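Colleague: Okay, so here is protein01.json, and as you'll see once you scroll down, it has JSON, C-alpha atoms.
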```
[["chain", "number", "residue", "atom", "x", "y", "z"],
["A", 124, "MET", "CA", -86.06, 12.51, -11.47],
["A", 125, "ALA", "CA", -82.37, 12.65, -10.54],
["A", 126, "PHE", "CA", -81.81, 15.30, -13.24],
["A", 127, "LEU", "CA", -84.63, 17.45, -11.83],
["A", 128, "LEU", "CA", -83.18, 17.31, -8.31],
["A", 129, "SER", "CA", -79.70, 18.04, -9.64],
["A", 130, "GLY", "CA", -81.00, 21.02, -11.64],
["A", 131, "CYS", "CA", -82.83, 22.43, -8.63],
["A", 132, "GLN", "CA", -79.71, 22.07, -6.48],
["A", 133, "THR", "CA", -77.66, 23.94, -9.10],
["A", 134, "ILE", "CA", -80.17, 26.81, -9.13],
["A", 135, "GLU", "CA", -80.24, 26.88, -5.34],
["A", 136, "ASN", "CA", -76.44, 26.99, -5.19],
["A", 137, "LYS", "CA", -76.34, 29.88, -7.67],
["A", 138, "THR", "CA", -78.97, 31.89, -5.77],
["A", 139, "ASP", "CA", -77.13, 31.27, -2.48],
["A", 140, "LYS", "CA", -73.91, 32.52, -4.07],
["A", 141, "ILE", "CA", -75.64, 35.64, -5.43],
["A", 142, "GLY", "CA", -77.28, 36.27, -2.04],
["A", 143, "LYS", "CA", -73.95, 36.05, -0.23],
["A", 144, "LYS", "CA", -72.38, 38.43, -2.75],
["A", 145, "GLN", "CA", -75.26, 40.88, -2.26],
["A", 146, "ILE", "CA", -74.92, 40.82, 1.55],
["A", 147, "LYS", "CA", -71.16, 41.33, 1.25],
["A", 148, "GLU", "CA", -71.77, 44.30, -1.05],
["A", 149, "ILE", "CA", -74.21, 46.07, 1.28],
["A", 150, "SER", "CA", -72.31, 45.12, 4.46],
["A", 151, "LYS", "CA", -69.69, 47.72, 3.58],
["A", 152, "PHE", "CA", -72.14, 50.28, 5.00],
["A", 153, "LEU", "CA", -72.09, 48.72, 8.49],
["A", 154, "GLN", "CA", -70.75, 51.13, 11.11],
["A", 155, "GLN", "CA", -70.86, 53.96, 8.56],
["A", 156, "PRO", "CA", -72.86, 57.17, 9.05],
["A", 157, "GLU", "CA", -76.26, 57.35, 7.37],
["A", 158, "SER", "CA", -74.92, 60.27, 5.30],
["A", 159, "GLU", "CA", -72.46, 57.91, 3.56],
["A", 160, "LEU", "CA", -75.30, 55.50, 2.78],
["A", 161, "LYS", "CA", -77.35, 58.32, 1.24],
["A", 162, "ILE", "CA", -74.39, 59.59, -0.79],
["A", 163, "GLU", "CA", -74.00, 56.20, -2.47],
["A", 164, "MET", "CA", -77.57, 54.89, -2.49],
["A", 165, "GLY", "CA", -79.55, 58.13, -2.68],
["A", 166, "GLU", "CA", -82.75, 58.83, -0.78],
["A", 167, "PRO", "CA", -84.53, 55.67, 0.41],
["A", 168, "ASP", "CA", -87.83, 54.62, -1.15],
["A", 169, "GLU", "CA", -89.28, 54.12, 2.32],
["A", 170, "ILE", "CA", -88.34, 54.95, 5.91],
["A", 171, "THR", "CA", -89.83, 53.05, 8.84],
["A", 172, "HIS", "CA", -89.19, 53.20, 12.60],
["A", 173, "ASP", "CA", -89.33, 50.63, 15.39],
["A", 174, "ALA", "CA", -90.29, 51.05, 19.05],
["A", 175, "LYS", "CA", -86.62, 51.10, 20.11],
["A", 176, "GLY", "CA", -85.79, 54.27, 18.19],
["A", 177, "SER", "CA", -84.14, 52.71, 15.14],
["A", 178, "LYS", "CA", -84.90, 53.88, 11.60],
["A", 179, "PHE", "CA", -84.96, 51.56, 8.63],
["A", 180, "TYR", "CA", -84.05, 52.86, 5.18],
["A", 181, "ILE", "CA", -85.56, 50.66, 2.50],
["A", 182, "TYR", "CA", -84.44, 50.75, -1.12],
["A", 183, "LYS", "CA", -86.51, 48.90, -3.74],
["A", 184, "LYS", "CA", -85.86, 48.04, -7.38],
["A", 185, "LYS", "CA", -87.70, 45.76, -9.76],
["A", 186, "LYS", "CA", -85.85, 43.45, -12.14],
["A", 187, "TYR", "CA", -87.62, 40.86, -14.28],
["A", 188, "GLY", "CA", -90.79, 41.40, -12.23],
["A", 189, "ILE", "CA", -89.01, 40.58, -8.94],
["A", 190, "THR", "CA", -88.67, 43.26, -6.28],
["A", 191, "CYS", "CA", -85.19, 43.64, -4.83],
["A", 192, "GLU", "CA", -85.30, 45.11, -1.34],
["A", 193, "LYS", "CA", -82.25, 46.36, 0.55],
["A", 194, "LYS", "CA", -82.89, 47.37, 4.14],
["A", 195, "PHE", "CA", -80.52, 49.32, 6.38],
["A", 196, "GLN", "CA", -81.02, 49.78, 10.13],
["A", 197, "ILE", "CA", -79.95, 53.20, 11.42],
["A", 198, "ASP", "CA", -79.46, 53.64, 15.19],
["A", 199, "GLU", "CA", -80.07, 56.74, 17.32],
["A", 200, "ASN", "CA", -76.50, 57.93, 16.55],
["A", 201, "ASN", "CA", -77.30, 57.90, 12.79],
["A", 202, "MET", "CA", -74.99, 54.94, 12.17],
["A", 203, "VAL", "CA", -75.81, 51.90, 10.02],
["A", 204, "VAL", "CA", -76.01, 48.95, 12.41],
["A", 205, "GLY", "CA", -77.82, 46.32, 10.34],
["A", 206, "VAL", "CA", -78.36, 45.29, 6.72],
["A", 207, "SER", "CA", -80.56, 42.82, 4.89],
["A", 208, "SER", "CA", -81.33, 42.00, 1.29],
["A", 209, "ARG", "CA", -84.23, 40.12, -0.27],
["A", 210, "GLY", "CA", -85.00, 39.22, -3.86],
["A", 211, "CYS", "CA", -81.80, 40.76, -5.23],
["A", 212, "PHE", "CA", -79.69, 39.10, -7.89]]
```
Can you dump the structure from the file as structure tokens?

Modeller:
Amino acid sequence: MAFLLSGCQTIENKTDKIGKKQIKEISKFLQQPESELKIEMGEPDEITHDAKGSKFYIYKKKKYGITCEKKFQIDENNMVVGVSSRGCF
């Protein structure tokens, strides 16, 4: 049982490390114009809007059957003001 818990903790630590690296990678777009995001990432797979006037560019990729989703919040001045990543490794 101790081995199982230790193995799970190791996997969790590795995924946390990968997640932090992923956020650091996409955070470089913060406070950049949406045009810079599109130059590097291309056209988003999906664009959504919220009630406050923000746009969300969503980029999706599948790897090993797991969907990686990178989401960028674009404000009314066309600047990237938020980023998130889910399922990316």

Colleague: For CA of His172 in chain A and CA of Asn201 in chain A, quote the distance in Å rounded to one decimal.

Modeller: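 Going from CA of His172 in chain A over to CA of Asn201 in chain A covers 12.8 Å.
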
Colleague: Let me make sure I understand: among A:Gln155, A:Ser150, A:Gln196, A:Ser208, which one has the smallest atom-to-atom distance to Ser177 in chain A if we use all atoms listed in the file?

Modeller: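 The answer is A:Gln196, which sits nearest to Ser177 in chain A.
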
Colleague: Name the closest residue to Lys147 in chain A among the candidates A:Val206, A:Ala174, A:Cys191, A:Met164; distances are taken between atoms, counting only C-alpha atoms.

Modeller: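 Closest residue, counting only C-alpha atoms: A:Val206.
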
Colleague: Please indicate the distance in Å from CA of Asn200 in chain A to CA of Glu148 in chain A, rounded to one decimal place.

Modeller: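 Straight-line distance from CA of Asn200 in chain A to CA of Glu148 in chain A works out to 22.8 Å.
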
Colleague: Which of these residues is nearest to Glu169 in chain A, using all atoms listed in the file: A:Phe195, A:Ile146, A:Lys186, A:Leu153?

Modeller: A:Phe195

Colleague: Hey, can you check how far CA of Thr171 in chain A sits from CA of Ile189 in chain A?

Modeller: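 A separation of 21.7 Å between them.
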
Colleague: Which residues are near Ile181 in chain A? Cut-off 7 Å, all atoms listed in the file, ignore same chain within fewer than 6 positions. Put them as a list in words.

Modeller: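 Residues meeting the cut-off are Pro167, Asp168, Glu169, Ile170, Glu192, Lys193, Lys194 and Phe195 of chain A.
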
Colleague: Okay, now the selection with C-alpha atoms, as a PDB file, in the frame of the given file?

Modeller:
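So the final result, stored in result12.pdb, reads:
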```pdb
ATOM      1  CA  PRO A 167     -84.530  55.670   0.410  1.00  0.00           C
ATOM      2  CA  ASP A 168     -87.830  54.620  -1.150  1.00  0.00           C
ATOM      3  CA  GLU A 169     -89.280  54.120   2.320  1.00  0.00           C
ATOM      4  CA  ILE A 170     -88.340  54.950   5.910  1.00  0.00           C
ATOM      5  CA  GLU A 192     -85.300  45.110  -1.340  1.00  0.00           C
ATOM      6  CA  LYS A 193     -82.250  46.360   0.550  1.00  0.00           C
ATOM      7  CA  LYS A 194     -82.890  47.370   4.140  1.00  0.00           C
ATOM      8  CA  PHE A 195     -80.520  49.320   6.380  1.00  0.00           C
TER       9      PHE A 195
END
```

Colleague: With 4 Å added on each side, what axis-aligned box encloses every listed atom of range 148-162 of chain A? Give the centre and edge lengths in Å to one decimal, as JSON.

Modeller:
```
{"center_x": -73.5, "center_y": 52.3, "center_z": 5.0, "size_x": 15.7, "size_y": 24.0, "size_z": 20.2}
```

Colleague: Which residue out of A:Gly176, A:Tyr182, A:Gly205, A:Cys211 has the minimum interatomic distance to Glu163 in chain A when only C-alpha atoms are used?

Modeller: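 Smallest separation from Glu163 in chain A among the options: A:Tyr182.
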
Colleague: Let me make sure I understand: among A:Gly210, A:Met202, A:Ile149, A:Lys175, which one has the smallest atom-to-atom distance to Thr190 in chain A if we use only C-alpha atoms?

Modeller: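 Under the stated criterion, the closest residue is A:Gly210.
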
Colleague: Could you tell me which of A:Tyr187, A:Ile197, A:Ser207, A:Phe179 comes closest to Glu159 in chain A if we count all atoms listed in the file?

Modeller: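 Of A:Tyr187, A:Ile197, A:Ser207, A:Phe179, the one nearest Glu159 in chain A is A:Ile197, counting all atoms listed in the file.
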